[in-house]
Every structure is written in structure tokens, then in C-alpha cells.
Amino acid sequence: MSTILVQVIVGGLLLGAIYALFSSGLTLVWGMMNIVNFAHGDFVMLGMYVAFVVYTLLGAGPLLGAPLAVLVLATLGGVVYFGLIREIMKGPMLAQILGTFGLALLLRYSVFWWFGANFLTLPENIVGGTFDIFGLRIQASRLLAGVVALLVTLGLHLLLTRTSLGSKMLAVAEDSTAAQLMGIRPDTMQAIAWAIAAGATGLAGALIATFFYIVPTVGETLGIVAFVTVSLGGFGSVPGALVAGLLIGVIESLSAYLIGAVYKDIVVYSLFLSFLWFRPQGLMGKT
Amino acid sequence: MRRYLWASVVLALFVAYPLLFASAFQQRLGALVLLYAIAASAWNIVGGYAGQVSVGHVVFFGCGAYAAMGAYAHFGLSPLVGIPAGIVLSVAIAAIIGVPTLRLSGHYFSMATIAVAELVRLIVTNTNYLGAAVGLSGPTVPRNVLDLSFISALPYYYLFLAVLSITLGITWWMANSRMGFYLRAIKDSERAARSLGAPASRTKLYAFMLSAGLTSVAGALYAMMFGFVDPESGLGILISVKILIMAALGGAGLLFGPLVGAAILVPLEEISNNMLGGKGAGLTFVVYGAIIVLIARFQPGGILTLIKRLWAKHSKASDPGVAAGATHAP
């Protein structure tokens with residue numbers, strides 16, 4: 001294998017780790033409450049803009065931008081849960097889909113209205129230069145983003161499987177009435193799940209902003225990426241989202257390199273649709 | 001009897017509108033309201049009656065628009081010739097999306113429609129035969145009346161009125177046929193409907209295909225009126241948004257809901273665009289987003305359901321017998 005091909009694959013894995021991070025938020029909420037957040041990609045977009053604002057106002061990089069983005073988005077997640085999700089969950093399917101879809105538009109075009117449609121970027125050297133590892137040239141920003149995203153996704157998995165909070169959340173996902181009888185408040189757990197899911201998108205947004213273009217409509221593309229990742233990995237499964245996210249990152253990078261950059265989304269979307277036909281439960285999901 | 005009287009009065013008002021409000025702006029506005037009402041009514045068949053929320057309906061709209069313009073640009077034919085091709089293509093795409101997803105929960109369907117709409121937009125943007133990013137144009141100078149290229153909006157107004165009447169007629173017929181009863185049963189409880197032998201997946205699929213075909217007609221009419229189509233105007237996600245919000249605001253699953261929604265939102269958008277210019281485009285969609293959230297949160301049945309409920313409450317006070325039949329809880 002040529003060095004350049006390895007470099008493309010490594011780049012894909014690093015990007016895929018970020019896909020895995022924000023998709024695990026979507027899969028958590030979906031698996032727990034059976035509701036799809038159509039604004040998920042736009043949450044990531046907000047995280048990117050938080051990082052951008054932190055840089056322009058304070059001149060600070062992701063070291064400050066990322067925690068702040070997590071804080072802002074986690075708060076937003078909680079607010080959205082109590083203000084909107086809790087009510088529309090009782091309503092018909094139409095209300096559930098319209099509610100989060102409307103939220104997506106509201107966020108996307110508020111940002112559009114405020115910041116304009118221009119492509120913004122953070123300075124290229126905000127994290128540091130470029131490394132040479134075994135002959136591979138890797139941008140420090142991508143390396144940092146990929147590694148942090150990978151660690152946090154794994155941490156999220158451990159949180160869900162190894163802590164009492166995680167067990168409580170899984171109990172609510174399994175049967176919220178039974179969980180309530182055991183003294184767990186489903187409402188609190190679901191709000192925490194929304195805060196965690198949104199916080200994960202905030203972190204992913206702040207990380208990806210260090211090397212990605214920042215534009216209000218980026219959430220649309222990233223939202224579809226999250227859907228693809230979750231449906232590929234199986235609903236409610238964080239490890240599934242991790243594997244699927246890495247896979248999609250690599251597939252995207254390879255198709256951009258081998259076929260052409262404009263075709264990478266076409267390849268990913270087609271993959272998603274063929275999965276719906278042949279294996280709707282995902283790679284690792286149960287039937 | 002009184003119902004038919006009301007219907008005739010409303011129809012007469014629609015026929016008379018462009019004669020009473022004869023300025024070019026008003027006639028164009030009227031035509032646009034009817035055009036979006038056609039698209040939103042078509043969406044209503046699958047989104048309202050079948051309860052399957054398509055957020056990628058623009059793909060059918062685009063099929064119609066591109067077929068109509070393609071017929072002229074590539075074969076020198078009247079854009080009208082493209083309409084059947086657009087319908088066939090739309091129905092085929094609807095089947096491709098619908099067959100796998102309508103067996104699953106409604107979320108899959110919504111996600112798949114978004115993905116297909118984006119996929120088609122990306123493919124068309126990179127296909128030279130379809131004009132890539134520039135799009136396709138219709139006849140600049142009409143050769144004969146069949147090119148349906150007019151300077152005034154008046155002929156379009158009556159054409160759209162006729163097509164809207166047909167669309168609503170089909171919807172009404174469907175709602176009162178066996179299919180309509182199946183759809184209502186499925187919407188109430190799919191499991192119960194299935195256990196009683198209603199073919200749930202197939203009925204939803206038929207509704208989706210019917211809706212797709214009608215939406216493509218709306219797309220073709222749109223392209224004829226504007227004389228061109230490009231990926232933004234024919235396949236942009238915001239067209240889906242407009243179609244969906246009009247139906248939901250007016251009342252999804254009600255015959256006249258989409259028309260009411262279009263009659264409110266189209267003038268609102270035209271006026272805000274005129275007043276705010278290009279900067280207004282973003283703000284318009286902020287407002288749209290807020291409206292959608294508020295409908296979902298407080299009134300999922302839309303304005304017509306609200307009016308019906310208030311009306312039933314009002315008439316209940318005077319005549320309890322009539323009100324019982326007229327109430328339809330959201």
C-alpha cells in the first residue's frame with residue numbers, strides 16, 4: 001500500500017472518531033426514548049460557532065472553546081428537553097418529527113441571520129503545525145480532535161455500562177414505568193441523556209472546527225452523517241456508533257481520494273439507503 | 001346542502017380573485033398560493049392522511065420540474081410532455097424509498113426521505129445533462145400556447161386552480177374510499193389495524209406513491225411559471241420545508257389544511273422578502289422554524305383543527321346534537 005493511501009485512511013479514521021462522538025449522542029437519545037433528533041447536526045454546528053466565537057472574542061483555542069461548547073450545548077440540550085421534547089413525546093409522530101425538524105431550522109437560520117452564509121475558518125495553526133509520523137504527515141489539529149473524540153466516546157460507553165448513572169439510564173430505556181417503581185425518575189434521566197447527547201455534539205463541533213469549514217448549513221450534512229452512522233451501528237449502541245463512525249470516515253476519505261471530493265457524500269448516502277433495504281437493524285443491532 | 005353552498009361560494013371567490021385584485025403582484029401572489037397549495041395538498045396525502053412525515057418531498061417536486069424543462073431543453077417539446085415522465089420517475093423513487101422504510105417505524109421513513117433528497121440534489125448538481133449547477137431553461141419565447149409560457153400570471157392562476165381542484169378531488173375521493181378507511185385505522189393504531197387485516201405497509205406505500213406523483217405535477221407547473229429550474233429552486237431542502245410547514249400549519253390530514261397554510265405563509269414570505277430583501281431570507285426561515293416548533297408543541301392538528309374545535313364549542317352551546325358529529329379531536 002502506498003504511503004498516500006495509508007495517509008488517506010488515517011485521516012478518515014481521525015475524522016470518523018468525531019463522527020462517532022456526535023453520533024453516539026444521537027444513538028443514546030434514540031435508544032433511550034425512541035425519538036430522533038433532527039436538529040442533531042445543527043447542535044454540532046452550534047458547537048463549531050461557539051469555538052469560533054471563543055476564538056474571535058478571546059483569541060483562545062479549543063482548550064477553552066471545547067469545554068465552553070460542551071457547557072453551552074449541554075445546557076441547550078436540557079432546555080430543549082424540558083421545553084419541547086417532554087411534551088412532543090406524548091404527541092403523535094407528526095409532532096415528534098416536526099418539533100425537532102423545526103428546531104433544526106430555527107437554529108440553522110438564526111446562525112445564518114447572525115453570522116451570514118460565509119464560510120468561516122479558524123487559523124490553521126490554532127493547535128500546532130503538522131507532524132511527521134512514520135513518513136505520514138498529519139495535522140496536529142486533526143490528530144488532537146480524533147484522539148480526544150475517540151477517548152470521550154469510549155468514556156461515554158463506560159459511563160453507560162459501568163456506573164450507577166448509566167445503569168439507571170439503561171433501566172429507563174428498558175422500561176420507564178418499571179424504573180420509576182424502583183425509585184428512578186425517568187424525567188431526570190432523560191434530561192441527563194439529552195444534556196450528555198448535546199454536550200457530545202458541542203465537543204465534536206469545537207474539535208471539528210479546528211480544521212473544518214464553519215457554515216450555518218453544515219449541520220444538514222453532519223446530521224445525515226449521524227443518521228447513517230446510527231443506522232449502520234444499530235440504534236442505542238455506542239460501540240456500534242464508534243465502529244460505524246470510523247468506517248464511514250474511512251469510506252468518505254477513500255471515495256474522496258479515489259473518485260473525487262464531490263462524490264464522497266453521494267457514496268455515503270447511497271450506502272445508507274442500501275442499508276435500509278438490506279439490513280435496517282444495522283451492523284451490530286439486534287433484529 | 002349547506003356544505004355545497006359554502007363550497008360554491010369559496011370556489012366563486014377563488015375564480016373571482018384575480019379579477020378583483022388585478023395588479024400583477026396580486027395575481028402572481030394568488031398563483032403562488034395555489035401552486036404551493038397543490039404541493040402541500042399532495043404532501044398531505046402521505047404526511048397527513050397516512051401519518052408518514054416525508055421531509056424530502058422536494059425530490060418529487062424536482063423530478064417534475066426537471067422533466068418539464070428537460071422535455072424542452074433536450075427534445076424541443078412542450079414542457080407539458082415532461083409531466084408524465086416526471087410522474088413515472090417520482091412514483092418509482094417513492095417505491096424505492098417506501099418499500100424498505102414503510103415497514104419500519106416512521107423515523108426511518110423521514111430520515112430516508114431526507115437522504116434521498118440530498119442524494120438526488122448532489123447527483124443532479126454534478127450531471128451536465130441536467131445542467132449541473134446552472135440548471136435547465138424553458139422556452140424564452142413561446143412557440144405556441146402549448147409551451148405554457150405567459151408573461152401575465154393570470155393564465156397560470158387558472159391553470160393552478162384547476163390542478164388544485166383535481167388534487168383536492170383525488171384526496172377527497174381517496175379519504176372516502178377503502179384506502180382512506182385503512183389509512184385512518186393505521187394512523188390510530190397500526191398494530192390494531194394490521195391484526196384486523198388492513199394491509200398497512202402496502203396502503204402507506206400507495207399513499208406515498210400517489211403523493212409523489214401529484215407533487216411532481218406541482219414541480220412541473222412551478223418550472224413552467226418561472227421558465228427554468230436549477231438545483232436550488234428545484235431540489236433545495238427549503239422547498240421541502242415550505243411544503244411541509246404549509247400543510248402542518250393549516251392542518252395535516254384535513255382536506256383544506258394545506259390551502260389554508262399556503263394562503264397564510266406565501267403572502268407572509270413574499271411581503272417579508274419585499275421588505276427585507278436578501279437579508280430577509282434567513283429571517284423568514286427563522287420564523288418558519290419557530291412556527292413549526294410551536295405547532296408541534298401546542299397544536300399538532302394545525303389551525304383548522306383549532307378553528308373546528310372552537311367552532312364546535314361555540315355551536316355546542318346552542319345546538320349540542322350537531323356539535324357531537326363535527327368534533328374531531330386532534
# chains A, B, ... in the order shown; residues from 1 in each chain; ligands from 1
>>> residues_around(residues="Leu276 in chain A", least_positions_apart="6", cutoff="10 Å", atoms="only C-alpha atoms", output="ChimeraX atom specification")
/A:228,231-232,270,282 /B:97,99-101,104,108-109,112
>>> write_last_selection(atoms="N, CA and C atoms", output="PDB file, in the first residue's frame")
ATOM      1  N   VAL A 228     -26.720   8.127   9.276  1.00  0.00           N
ATOM      2  CA  VAL A 228     -26.092   6.989   8.614  1.00  0.00           C
ATOM      3  C   VAL A 228     -25.307   6.176   9.634  1.00  0.00           C
ATOM      4  N   SER A 231     -27.707   4.315  12.012  1.00  0.00           N
ATOM      5  CA  SER A 231     -28.428   3.188  11.412  1.00  0.00           C
ATOM      6  C   SER A 231     -27.457   2.074  11.039  1.00  0.00           C
ATOM      7  N   LEU A 232     -26.217   2.453  10.755  1.00  0.00           N
ATOM      8  CA  LEU A 232     -25.217   1.437  10.461  1.00  0.00           C
ATOM      9  C   LEU A 232     -24.799   0.700  11.734  1.00  0.00           C
ATOM     10  N   SER A 270     -25.740   6.805  -0.460  1.00  0.00           N
ATOM     11  CA  SER A 270     -26.173   5.585  -1.151  1.00  0.00           C
ATOM     12  C   SER A 270     -26.003   4.378  -0.237  1.00  0.00           C
ATOM     13  N   GLY A 282     -28.920  -2.502  11.258  1.00  0.00           N
ATOM     14  CA  GLY A 282     -27.530  -2.064  11.385  1.00  0.00           C
ATOM     15  C   GLY A 282     -26.561  -3.224  11.442  1.00  0.00           C
TER      16      GLY A 282
ATOM     17  N   ILE B  97     -37.918   4.305  -2.004  1.00  0.00           N
ATOM     18  CA  ILE B  97     -37.778   4.730  -0.601  1.00  0.00           C
ATOM     19  C   ILE B  97     -38.778   3.988   0.273  1.00  0.00           C
ATOM     20  N   VAL B  99     -40.687   1.066  -0.013  1.00  0.00           N
ATOM     21  CA  VAL B  99     -40.754  -0.373   0.229  1.00  0.00           C
ATOM     22  C   VAL B  99     -39.948  -0.783   1.463  1.00  0.00           C
ATOM     23  N   PRO B 100     -38.678  -0.378   1.585  1.00  0.00           N
ATOM     24  CA  PRO B 100     -37.975  -0.805   2.806  1.00  0.00           C
ATOM     25  C   PRO B 100     -38.382  -0.032   4.057  1.00  0.00           C
ATOM     26  N   THR B 101     -38.678   1.254   3.937  1.00  0.00           N
ATOM     27  CA  THR B 101     -38.818   2.058   5.157  1.00  0.00           C
ATOM     28  C   THR B 101     -40.222   2.026   5.753  1.00  0.00           C
ATOM     29  N   LEU B 104     -40.833  -0.122   8.688  1.00  0.00           N
ATOM     30  CA  LEU B 104     -40.178   0.221   9.953  1.00  0.00           C
ATOM     31  C   LEU B 104     -40.903   1.391  10.607  1.00  0.00           C
ATOM     32  N   TYR B 108     -37.527   6.117  10.380  1.00  0.00           N
ATOM     33  CA  TYR B 108     -36.707   5.644   9.262  1.00  0.00           C
ATOM     34  C   TYR B 108     -37.167   6.294   7.964  1.00  0.00           C
ATOM     35  N   PHE B 109     -38.475   6.364   7.822  1.00  0.00           N
ATOM     36  CA  PHE B 109     -39.037   6.944   6.608  1.00  0.00           C
ATOM     37  C   PHE B 109     -38.592   8.395   6.460  1.00  0.00           C
ATOM     38  N   ALA B 112     -34.887   8.556   5.613  1.00  0.00           N
ATOM     39  CA  ALA B 112     -34.599   8.106   4.256  1.00  0.00           C
ATOM     40  C   ALA B 112     -35.011   9.168   3.243  1.00  0.00           C
TER      41      ALA B 112
END
>>> interface_residues(of="chain B", to="chain A", cutoff="7 Å", atoms="only C-alpha atoms", output="list in words")
Gly51, Val53, Pro100, Thr101, His107, Ala112, Ala115, Leu119, Leu122, Gly282, Leu283, Phe285, Val286, Gly289, Ala290, Ile292, Val293, Ala296, Arg297 and Pro300 of chain B
>>> write_last_selection(atoms="N, CA and C atoms", output="PDB file, in the first residue's frame")
ATOM      1  N   GLY B  51     -49.900   9.740   7.862  1.00  0.00           N
ATOM      2  CA  GLY B  51     -49.107   9.982   9.060  1.00  0.00           C
ATOM      3  C   GLY B  51     -47.629   9.653   8.907  1.00  0.00           C
ATOM      4  N   VAL B  53     -44.211  11.208   7.847  1.00  0.00           N
ATOM      5  CA  VAL B  53     -43.704  12.555   7.610  1.00  0.00           C
ATOM      6  C   VAL B  53     -42.524  12.536   6.640  1.00  0.00           C
ATOM      7  N   PRO B 100     -38.678  -0.378   1.585  1.00  0.00           N
ATOM      8  CA  PRO B 100     -37.975  -0.805   2.806  1.00  0.00           C
ATOM      9  C   PRO B 100     -38.382  -0.032   4.057  1.00  0.00           C
ATOM     10  N   THR B 101     -38.678   1.254   3.937  1.00  0.00           N
ATOM     11  CA  THR B 101     -38.818   2.058   5.157  1.00  0.00           C
ATOM     12  C   THR B 101     -40.222   2.026   5.753  1.00  0.00           C
ATOM     13  N   HIS B 107     -39.674   7.062  11.895  1.00  0.00           N
ATOM     14  CA  HIS B 107     -38.422   7.819  11.855  1.00  0.00           C
ATOM     15  C   HIS B 107     -37.554   7.423  10.676  1.00  0.00           C
ATOM     16  N   ALA B 112     -34.887   8.556   5.613  1.00  0.00           N
ATOM     17  CA  ALA B 112     -34.599   8.106   4.256  1.00  0.00           C
ATOM     18  C   ALA B 112     -35.011   9.168   3.243  1.00  0.00           C
ATOM     19  N   ALA B 115     -32.353  11.817   3.146  1.00  0.00           N
ATOM     20  CA  ALA B 115     -31.127  11.343   2.496  1.00  0.00           C
ATOM     21  C   ALA B 115     -31.314  11.262   0.984  1.00  0.00           C
ATOM     22  N   LEU B 119     -29.236  13.215  -1.799  1.00  0.00           N
ATOM     23  CA  LEU B 119     -28.526  12.395  -2.789  1.00  0.00           C
ATOM     24  C   LEU B 119     -28.851  12.865  -4.200  1.00  0.00           C
ATOM     25  N   LEU B 122     -27.313  16.242  -5.010  1.00  0.00           N
ATOM     26  CA  LEU B 122     -25.877  16.155  -5.293  1.00  0.00           C
ATOM     27  C   LEU B 122     -25.619  15.560  -6.671  1.00  0.00           C
ATOM     28  N   GLY B 282     -32.973  34.640   5.481  1.00  0.00           N
ATOM     29  CA  GLY B 282     -32.623  33.930   6.705  1.00  0.00           C
ATOM     30  C   GLY B 282     -33.696  34.087   7.762  1.00  0.00           C
ATOM     31  N   LEU B 283     -34.169  35.325   7.909  1.00  0.00           N
ATOM     32  CA  LEU B 283     -35.154  35.619   8.944  1.00  0.00           C
ATOM     33  C   LEU B 283     -36.466  34.881   8.677  1.00  0.00           C
ATOM     34  N   PHE B 285     -36.860  32.014   7.419  1.00  0.00           N
ATOM     35  CA  PHE B 285     -36.783  30.618   7.839  1.00  0.00           C
ATOM     36  C   PHE B 285     -36.617  30.478   9.351  1.00  0.00           C
ATOM     37  N   VAL B 286     -36.099  31.515  10.005  1.00  0.00           N
ATOM     38  CA  VAL B 286     -36.126  31.514  11.472  1.00  0.00           C
ATOM     39  C   VAL B 286     -37.582  31.472  11.933  1.00  0.00           C
ATOM     40  N   GLY B 289     -39.134  28.102  11.232  1.00  0.00           N
ATOM     41  CA  GLY B 289     -38.708  27.126  12.235  1.00  0.00           C
ATOM     42  C   GLY B 289     -39.483  27.303  13.525  1.00  0.00           C
ATOM     43  N   ALA B 290     -39.618  28.567  13.940  1.00  0.00           N
ATOM     44  CA  ALA B 290     -40.345  28.843  15.187  1.00  0.00           C
ATOM     45  C   ALA B 290     -41.801  28.400  15.051  1.00  0.00           C
ATOM     46  N   ILE B 292     -43.018  26.027  13.136  1.00  0.00           N
ATOM     47  CA  ILE B 292     -43.098  24.557  13.165  1.00  0.00           C
ATOM     48  C   ILE B 292     -42.985  24.049  14.600  1.00  0.00           C
ATOM     49  N   VAL B 293     -42.015  24.603  15.352  1.00  0.00           N
ATOM     50  CA  VAL B 293     -41.842  24.160  16.743  1.00  0.00           C
ATOM     51  C   VAL B 293     -43.108  24.429  17.546  1.00  0.00           C
ATOM     52  N   ALA B 296     -45.889  21.991  16.640  1.00  0.00           N
ATOM     53  CA  ALA B 296     -45.625  20.655  17.189  1.00  0.00           C
ATOM     54  C   ALA B 296     -45.877  20.641  18.696  1.00  0.00           C
ATOM     55  N   ARG B 297     -45.496  21.715  19.358  1.00  0.00           N
ATOM     56  CA  ARG B 297     -45.572  21.764  20.803  1.00  0.00           C
ATOM     57  C   ARG B 297     -47.004  21.977  21.294  1.00  0.00           C
ATOM     58  N   PRO B 300     -50.597  20.285  17.287  1.00  0.00           N
ATOM     59  CA  PRO B 300     -50.172  19.429  16.180  1.00  0.00           C
ATOM     60  C   PRO B 300     -51.233  19.294  15.094  1.00  0.00           C
TER      61      PRO B 300
END
>>> atom_distance(atom1="CA of Phe150 in chain B", atom2="CA of Leu238 in chain B")
26.3 Å
>>> select_by_dssp(residues="range 167-327 of chain B", states="alpha helix (DSSP H)", output="ChimeraX atom specification")
/B:167-175,178-188,190-195,200-226,231-235,237-250,257-276,280-298,302-318,320-326
>>> atom_distance(atom1="CA of Gly253 in chain B", atom2="CA of Tyr182 in chain B")
13.8 Å
>>> atom_distance(atom1="CA of Ala162 in chain B", atom2="CA of Trp6 in chain B")
18.4 Å
